[in-house]
Amino acid sequence: MRINETDGVSASSKHLVFAYYVTGHGFGHATRVVEVVRNLISAGHDVHVVTGAPDFVFTSEIQSPRLFIRKVLLDCGAVQADALTVDRLASLEKYSETAVAPRKSILKDEVEWLNSIKADLVVSDVVPVACRAAADAGIRSVCVTNFSWDFIYAEYVMAAGHHHRSIVWQIAEDYSHCEFLIRLPGYCPMPAFRDVIDVPLVVRRLHKSRKEVRKELGIEDDVKLLILNFGGQILSNSSAYPVSISDMQPAGWKLKEEYLPSGWKCLVCGASDSQLPPNFIKLPKDAYTPDFMAASDCMLGKIGYGTVSEALAYKLPFVFFYQGGVEMIRRDLLTGHWKPYLERAISLKPCYEGGINGGELSGARRLRDAIIFGYELQRVPGRDVSIPEWYQTAEDELGLSASRSPPCTPEGDSTVKFTEDFEILHGDCQGLPDTMSFLKSLVELDIIKDSDRTPEKRQMRERKAAAGLFNWEEEIFVARAPGRLDVMGGIADYSGSLVLQMPIREACHVALQKISPSKQRLWKHALARHNDKGQGPMPVLQIVSYGSELSNRGPTFDMDLSDFMDEGKPMSYEKAKKYFDTNPSQKWAAYVAGTILVLMTELGVRFEDSISMLVSSAVPEGKGVSSSASVEVASMSAIAAAHGLNIHPRDLALLCQKVENHIVGAPCGVMDQMASACGEANKLLAMVCQPAELLGVVEIPSHIRFWGIDSGIRHSVGGADYGSVRAGAFMGRKMIKSTASGMLPQSLPSSNGLNNIEPEVDGVELLEAEASLDYLCNLSPHRFEALYAKNIPESIVGEEFSKNYGDHNDPVTVIDPKRTYFVRAPVCHPIYENFRVKAFKALLTAAASDDQLTSLGELLYQCHYSYSACGLGSDGTDRLVQLVQEIQHSKVSKSKDGTLFGAKITGGGSGGTICVIGRNSLRSSEQVLEIQQRYKDATGYLPLIIEGSSPGAGKFGHLRIRRRSVSLKPNQ
């Protein structure tokens with residue numbers, strides 16, 4: 001239908017010419033276009049399909065002279081590093097190369113072509129520039145899709161670089177020329193479209209019955225048949241439409257006979273010419289997939305519109321690698337641990353009853369602007385998504401006027417959001433599955449309370465104690481704080497180094513209820529204690545900590561809050577430490593309850609109400625990933641939220657450090673608490689520890705990935721090795737200051753106006769700064785080597801140091817007169833580590849290359865051996881680093897572009913976890929799994945692998961929740 005200047009519409013309703021543009025993103029778009037095109041041709045219209053897909057995708061289903069195929073690719077979709085990893089930066093750069101740079105010529109060519117075929121309507125799935133070309137040609141356009149590229153690329157921009165953000169606005173501007181959107185099920189928010197027509201699933205028809213297909217394959221009816229279907233896009237990172245499932249699979253990964261349960265067979269779509277096991281059957285590359293899907297009992301593959309829609313239509317159980325349904329983790333895919341997933345899948349009874357005739361197009365409704373909502377929905381595990389200011393506003397970054405009204409803003413905190421069991425009065429779960437699971441565990445406490453049975457015998461005490469912890473008629477506050485992976489900086493934090501820390505996926509949750517003492521549900525012994533004293537209701541702190549059975553500690557702790565007072569003032573930290581040291585099985589409570597005393601002491605807070613707390617941490621203890629910091633930060637965040645304390649995340653971290661230093665008694669720096677409180681998902685927190693100057697976050701390039709691998713050797717910053725190394729560093733600082741002070745008079749001008757030492761003519765200011773050196777890391781490596789290294793002994797006895805230098809001026813370590821302390825290595829480490837971290841940070845922004853990765857890895861290795869020189873290495877972490885080196889330097893890695901590049905011990909050392917850097921690819925994941933297995937073979941211990949990231953406590957905020965329909969529950 002051409003747009004006439006007189007606003008009329010011309011063209012016969014009996015015969016129209018459609019130009020149908022197909023995005024270069026996988027077969028799913030092309031296969032659903034087939035069904036729509038088939039219906040249009042059946043109605044007597046001509047359809048010109050503009051695509052990069054192979055002809056057979058269309059001609060195998062449609063044999064008609066009214067079908068015209070034009071092979072042009074006008075967008076690129078998502079570029080993938082391997083079968084399951086999207087390279088977000090490469091996707092943006094590829095789109096810029098494909099659609100932005102040649103935009104003028106594309107528009108010119110498309111307008112000329114549309115006019116040449118006398119097109120009446122442009123249909124796009126979902127090529128942005130097609131809508132703009134149609135408008136330039138004076139032709140109406142519509143889009144048919146379940147997602148739009150402005151929504152997808154907006155997330156890529158946030159993760160991979162804001163310098164590409166104009167792409168998002170350009171795409172949205174193109175889509176705005178579209179008349180309306182024909183929206184398919186399973187859709188994402190698509191804010192560029194104002195009018196929407198909702199239609200059922202678009203699914204290809206079946207050509208053959210299940211029985212016919214099985215007969216042709218020679219497969220009996222009672223044989224369980226799996227179809228392995230990875231779709232199209234994931235098989236190539238250089239072109240839009242691939243040819244082989246093997247193109248992007250992990251190096252050396254082969255299908256094996258034992259992957260399938262006994263008696264099963266598997267159909268493989270798009271298999272290479274390599275030999276398959278006897279129970280795997282290779283399908284032709286042009287096989288008509290729907291027929292084979294309908295003949296199968298289960299499908300295994302990558303989730304996408306085409307596979308999901310057809311699985312729903314044919315009621316086929318689907319095992320896939322993303323969220324929902326029966327989800328398989330990558331590790332089990334690679335190792336062939338398929339059986340439990342397949343058996344679970346075939347036990348399901350698919351019951352989708354929705355329409356599957358979307359190709360016929362029916363129904364309509366209006367879509368409100370969904371930009372804000374769209375960003376809310378992008379919150380998924382391991383990623384915290386905030387709404388960027390540049391997208392939230394209605395400004396047009398291209399200098400064009402906005403073609404739509406400004407986006408609606410979300411309502412305030414008064415909006416009540418719901419989970420199944422809770423009203424969320426404030427905050428957002430942000431799509432974090434561990435938070436949703438934690439809320440579910442709160443609901444299950446009622447079941448435990450009302451039943452004699454418990455989920456696990458070993459968890460009986462803590463679950464029963466938690467079951468009576470909260471009054472469900474009152475509000476509960478929930479805070480969340482992750483552990484951290486020490487990428488660079490480590491033990492140099494207390495010497496003022498720059499550090500780079502990544503918050504990990506594992507986190508600690510704390511649920512807290514502030515309640516009047518008269519309403520608090522006291523445990524029997526606490527009630528008896530009050531009765532014995534003849535007291536009425538008094539503020540009581542009750543804590544339950546999950547996981548006690550794994551740590552040989554008591555699951556509960558309680559105290560009268562008045563116990564923190566000493567003659568009308570908060571007790572000293574020293575007395576508090578002795579208080580918690582009294583009972584070793586409850587010493588853990590210092591990390592939680594200590595936050596209350598610090599708030600009382602440092603901020604003057606007084607607690608008049610009782611407090612009940614439930615602590616549930618998934619951060620593994622003793623692994624060097626800051627389990628203690630996550631507990632402290634989550635606890636203080638929950639307490640602050642419940643009491644209306646507005647504490648900046650940085651300040652909260654510093655307060656939590658006081659808990660660990662002074663009440664727990666561990667001499668740690670502040671980087672752990674800072675990472676847990678101030679970190680952002682999938683980014684490195686950069687901080688100069690003087691004492692805690694935040695430099696913001698550093699983007700992790702999309703081609704780089706970090707892993708943690710646990711050595712199984714328990715680590716503790718409270719251990720003697722860590723403390724003695726720290727003390728040695730402070731001793732060395734005192735020696736440097738003393739040396740500089742001694743050199744300073746010689747550098748001053750003499751009576752004749754000349755300096756006594758010629759090399760120091762311009763060095764007076766430097767010497768003055770070094771004589772009052774606050775942090776070792778403020779001393780540059782070249783100054784250290786030139787002036788001070790020769791005066792630093794390898795070691796010194798505590799008594800000798802005190803005699804010659806006095807106090808070492810560290811507030812959290814004490815010098816033992818009889819102990820020998822290493823000094824040179826603990827001094828060298830932070831001075832050189834600070835330089836390494838700066839270099840590492842700069843390299844992260846360099847162009848992607850093997851040299852970049854090799855250099856980053858080399859810095860990790862140097863850091864690791866510097867730890868060892870300090871005495872903070874361990875057999876386990878050294879073995880893991882050696883395994884990374886063996887993988888990196890193996891002939892296979894060298895011949896196939898190596899994927900692992902370096903590793904180092906993390907945190908306080910002496911065991912714990914190593915950090916590994918590698919290329920963001922499936923092959924890297926496979927090599928990490930190989931290291932895990934080789935370590936187990938050598939030691940008998942299967943290491944824990946830490947991967948993924950999540951938001952810090954500051955980004956998460958807090959939840960204020962209330963149980964729904966409490967009055968309907970028994971015994972309330």
# chains A, B, ... in the order shown; residues from 1 in each chain; ligands from 1
call {"tool": "residues_around", "arguments": {"residues": "range 261-263 of chain A", "least_positions_apart": "2", "cutoff": "10 Å", "atoms": "only C-alpha atoms", "output": "PyMOL selection string"}}
result
chain A and resi 222-225+257-259+265+279+337-340+342-343
call {"tool": "residues_around", "arguments": {"residues": "Met613 in chain A", "least_positions_apart": "4", "cutoff": "8 Å", "atoms": "only C-alpha atoms", "output": "PyMOL selection string"}}
result
chain A and resi 469+510-513+541-544
call {"tool": "residues_around", "arguments": {"residues": "range 667-680 of chain A", "least_positions_apart": "2", "cutoff": "7 Å", "atoms": "only C-alpha atoms", "output": "PyMOL selection string"}}
result
chain A and resi 384+481-484+493-494+501-503+626+629-630+633+649-650+653-654+656-657+661+665+682-683+685+717-718+723+812-813+950-955
call {"tool": "closest_residue", "arguments": {"among": "A:Cys689, A:Ala466, A:Cys777, A:Ile946", "to": "Leu445 in chain A", "atoms": "only C-alpha atoms"}}
result
A:Ala466
call {"tool": "closest_atom_pairs", "arguments": {"of": "range 647-710 of chain A", "to": "range 941-944 of chain A", "cutoff": "12 Å", "atoms": "only C-alpha atoms", "output": "tab-separated table"}}
result
residue	atom	partner	partner_atom	distance
A:Trp707	CA	A:Leu944	CA	10.4
A:Gly708	CA	A:Leu944	CA	8.1
A:Ile709	CA	A:Leu944	CA	5.9
A:Asp710	CA	A:Pro943	CA	5.1
call {"tool": "select_by_dssp", "arguments": {"residues": "range 416-586 of chain A", "states": "alpha helix (DSSP H)", "output": "NGL selection string"}}
result
:A and (433-449 or 460-467 or 524-533 or 548-551 or 573-581)
call {"tool": "write_last_selection", "arguments": {"atoms": "C-alpha atoms", "output": "PDB file, in the first residue's frame"}}
result
ATOM      1  CA  PRO A 433      17.813 -16.690  41.587  1.00  0.00           C
ATOM      2  CA  ASP A 434      19.589 -16.975  44.927  1.00  0.00           C
ATOM      3  CA  THR A 435      17.482 -14.144  46.310  1.00  0.00           C
ATOM      4  CA  MET A 436      14.284 -15.783  45.101  1.00  0.00           C
ATOM      5  CA  SER A 437      15.419 -19.069  46.652  1.00  0.00           C
ATOM      6  CA  PHE A 438      16.161 -17.308  49.925  1.00  0.00           C
ATOM      7  CA  LEU A 439      12.652 -15.827  50.005  1.00  0.00           C
ATOM      8  CA  LYS A 440      11.257 -19.272  49.298  1.00  0.00           C
ATOM      9  CA  SER A 441      13.274 -20.672  52.204  1.00  0.00           C
ATOM     10  CA  LEU A 442      11.649 -18.110  54.495  1.00  0.00           C
ATOM     11  CA  VAL A 443       8.217 -19.374  53.512  1.00  0.00           C
ATOM     12  CA  GLU A 444       9.257 -22.957  54.170  1.00  0.00           C
ATOM     13  CA  LEU A 445      10.031 -22.070  57.787  1.00  0.00           C
ATOM     14  CA  ASP A 446       6.296 -22.227  58.478  1.00  0.00           C
ATOM     15  CA  ILE A 447       6.183 -25.771  57.149  1.00  0.00           C
ATOM     16  CA  ILE A 448       9.023 -26.787  59.445  1.00  0.00           C
ATOM     17  CA  LYS A 449       7.419 -25.054  62.423  1.00  0.00           C
ATOM     18  CA  MET A 460      17.341 -29.922  62.244  1.00  0.00           C
ATOM     19  CA  ARG A 461      18.674 -27.535  64.898  1.00  0.00           C
ATOM     20  CA  GLU A 462      19.185 -24.474  62.730  1.00  0.00           C
ATOM     21  CA  ARG A 463      15.952 -24.907  60.769  1.00  0.00           C
ATOM     22  CA  LYS A 464      13.872 -25.402  63.891  1.00  0.00           C
ATOM     23  CA  ALA A 465      15.500 -22.379  65.503  1.00  0.00           C
ATOM     24  CA  ALA A 466      14.812 -20.284  62.400  1.00  0.00           C
ATOM     25  CA  ALA A 467      11.202 -21.494  62.250  1.00  0.00           C
ATOM     26  CA  LYS A 524      12.930 -20.765  75.530  1.00  0.00           C
ATOM     27  CA  HIS A 525      16.348 -20.267  77.110  1.00  0.00           C
ATOM     28  CA  ALA A 526      16.271 -16.514  76.414  1.00  0.00           C
ATOM     29  CA  LEU A 527      12.809 -16.293  77.962  1.00  0.00           C
ATOM     30  CA  ALA A 528      14.021 -18.294  80.979  1.00  0.00           C
ATOM     31  CA  ARG A 529      16.998 -15.937  81.341  1.00  0.00           C
ATOM     32  CA  HIS A 530      14.701 -12.942  81.545  1.00  0.00           C
ATOM     33  CA  ASN A 531      12.378 -14.680  83.979  1.00  0.00           C
ATOM     34  CA  ASP A 532      15.279 -15.563  86.261  1.00  0.00           C
ATOM     35  CA  LYS A 533      16.307 -11.912  86.341  1.00  0.00           C
ATOM     36  CA  SER A 548      26.652 -24.621  60.865  1.00  0.00           C
ATOM     37  CA  GLU A 549      26.800 -28.350  60.200  1.00  0.00           C
ATOM     38  CA  LEU A 550      29.556 -27.705  57.657  1.00  0.00           C
ATOM     39  CA  SER A 551      31.685 -25.549  59.946  1.00  0.00           C
ATOM     40  CA  TYR A 573      36.159  -3.292  71.048  1.00  0.00           C
ATOM     41  CA  GLU A 574      38.713  -5.103  73.176  1.00  0.00           C
ATOM     42  CA  LYS A 575      36.026  -6.209  75.655  1.00  0.00           C
ATOM     43  CA  ALA A 576      33.749  -7.188  72.788  1.00  0.00           C
ATOM     44  CA  LYS A 577      36.469  -9.400  71.313  1.00  0.00           C
ATOM     45  CA  LYS A 578      36.877 -11.180  74.653  1.00  0.00           C
ATOM     46  CA  TYR A 579      33.074 -11.490  74.917  1.00  0.00           C
ATOM     47  CA  PHE A 580      32.840 -13.371  71.607  1.00  0.00           C
ATOM     48  CA  ASP A 581      36.016 -15.393  72.229  1.00  0.00           C
TER      49      ASP A 581
END
call {"tool": "select_by_dssp", "arguments": {"residues": "range 694-748 of chain A", "states": "strand (DSSP E)", "output": "list of chain:residue names"}}
result
A:Leu694, A:Leu695, A:Gly696, A:Val697, A:Val698, A:Glu699, A:Ile704, A:Arg705, A:Phe706, A:Trp707, A:Gly708, A:Ile709, A:Asp710
call {"tool": "residues_around", "arguments": {"residues": "Met565 in chain A", "least_positions_apart": "3", "cutoff": "12 Å", "atoms": "only C-alpha atoms", "output": "list in words"}}
result
Met559, Asp560, Leu561, Ser562, Gly568, Lys569, Pro570, Met571, Ser572, Tyr573, Lys575, Ala576, Ile596, Leu597, Met600, Thr601, Arg606 and Phe607 of chain A
call {"tool": "residues_around", "arguments": {"residues": "range 297-304 of chain A", "least_positions_apart": "5", "cutoff": "8 Å", "atoms": "only C-alpha atoms", "output": "list in words"}}
result
Gly28, Leu84, Lys224, Leu225, Leu226, Ile227, Leu228, Asn229, Phe230, Gly231, Ala311, Leu316, Pro317, Phe318, Val319, Phe320, Phe321, Tyr322, Leu342, Ala345 and Ile346 of chain A
call {"tool": "write_last_selection", "arguments": {"atoms": "C-alpha atoms", "output": "mmCIF file, in the first residue's frame"}}
result
data_model
loop_
_atom_site.group_PDB
_atom_site.id
_atom_site.type_symbol
_atom_site.label_atom_id
_atom_site.label_comp_id
_atom_site.auth_asym_id
_atom_site.auth_seq_id
_atom_site.Cartn_x
_atom_site.Cartn_y
_atom_site.Cartn_z
ATOM 1 C CA GLY A 28 14.568 -19.178 13.762
ATOM 2 C CA LEU A 84 27.081 -20.553 23.836
ATOM 3 C CA LYS A 224 13.564 -43.287 22.882
ATOM 4 C CA LEU A 225 14.699 -40.739 20.330
ATOM 5 C CA LEU A 226 16.598 -37.535 21.135
ATOM 6 C CA ILE A 227 17.111 -34.756 18.607
ATOM 7 C CA LEU A 228 20.224 -32.610 19.076
ATOM 8 C CA ASN A 229 19.455 -29.207 17.576
ATOM 9 C CA PHE A 230 21.593 -26.134 18.181
ATOM 10 C CA GLY A 231 19.663 -23.948 15.760
ATOM 11 C CA ALA A 311 8.873 -27.823 20.624
ATOM 12 C CA LEU A 316 8.258 -32.070 22.674
ATOM 13 C CA PRO A 317 10.183 -31.909 26.007
ATOM 14 C CA PHE A 318 13.173 -29.619 25.624
ATOM 15 C CA VAL A 319 16.499 -29.688 27.505
ATOM 16 C CA PHE A 320 18.470 -26.500 26.893
ATOM 17 C CA PHE A 321 21.285 -24.299 28.225
ATOM 18 C CA TYR A 322 19.475 -21.197 29.382
ATOM 19 C CA LEU A 342 16.814 -36.601 29.472
ATOM 20 C CA ALA A 345 12.479 -34.324 30.324
ATOM 21 C CA ILE A 346 10.563 -37.367 29.122
#
call {"tool": "closest_residue", "arguments": {"among": "A:Ile69, A:Leu766, A:Leu859, A:Leu872", "to": "Arg726 in chain A", "atoms": "only C-alpha atoms"}}
result
A:Leu872
call {"tool": "closest_atom_pairs", "arguments": {"of": "range 68-173 of chain A", "to": "range 31-45 of chain A", "cutoff": "10 Å", "atoms": "only C-alpha atoms", "output": "CSV"}}
result
residue,atom,partner,partner_atom,distance
A:Val123,CA,A:Val33,CA,9.9
A:Ser124,CA,A:Val33,CA,9.5
A:Asp125,CA,A:Val33,CA,7.7
A:Val144,CA,A:Val33,CA,8.7
A:Thr145,CA,A:Arg32,CA,9.4
call {"tool": "write_last_selection", "arguments": {"atoms": "C-alpha atoms", "output": "PDB file, in the first residue's frame"}}
result
ATOM      1  CA  VAL A 123       7.564  -6.526   6.321  1.00  0.00           C
ATOM      2  CA  SER A 124      10.609  -6.732   8.586  1.00  0.00           C
ATOM      3  CA  ASP A 125      11.752  -9.541  10.909  1.00  0.00           C
ATOM      4  CA  VAL A 144       6.898  -9.276  12.836  1.00  0.00           C
ATOM      5  CA  THR A 145       9.002 -10.380  15.810  1.00  0.00           C
TER       6      THR A 145
END
call {"tool": "closest_residue", "arguments": {"among": "A:Val499, A:Gly871, A:Arg836, A:Gly909", "to": "Val698 in chain A", "atoms": "only C-alpha atoms"}}
result
A:Val499
call {"tool": "residues_around", "arguments": {"residues": "Lys256 in chain A", "least_positions_apart": "5", "cutoff": "9 Å", "atoms": "only C-alpha atoms", "output": "list in words"}}
result
Leu276, Pro277, Asn279, Phe280 and Gly336 of chain A
call {"tool": "write_last_selection", "arguments": {"atoms": "N, CA, C and O atoms", "output": "short mmCIF file (atom, residue, chain, number, x, y, z; two decimals), in the first residue's frame"}}
result
data_model
loop_
_atom_site.label_atom_id
_atom_site.label_comp_id
_atom_site.auth_asym_id
_atom_site.auth_seq_id
_atom_site.Cartn_x
_atom_site.Cartn_y
_atom_site.Cartn_z
N LEU A 276 30.28 -40.34 13.67
CA LEU A 276 29.47 -40.29 14.88
C LEU A 276 29.39 -41.66 15.51
O LEU A 276 29.50 -42.69 14.81
N PRO A 277 29.16 -41.74 16.83
CA PRO A 277 28.96 -43.04 17.48
C PRO A 277 27.75 -43.75 16.89
O PRO A 277 26.87 -43.12 16.28
N ASN A 279 25.04 -44.90 18.07
CA ASN A 279 23.70 -44.53 18.54
C ASN A 279 23.35 -43.07 18.20
O ASN A 279 22.36 -42.54 18.68
N PHE A 280 24.19 -42.42 17.38
CA PHE A 280 23.91 -41.08 16.88
C PHE A 280 23.69 -41.14 15.37
O PHE A 280 24.44 -41.83 14.65
N GLY A 336 29.17 -34.95 29.03
CA GLY A 336 28.26 -36.02 28.64
C GLY A 336 27.36 -36.50 29.75
O GLY A 336 26.80 -37.61 29.66
#
call {"tool": "atom_distance", "arguments": {"atom1": "CA of Pro701 in chain A", "atom2": "CA of Ala192 in chain A"}}
result
28.7 Å
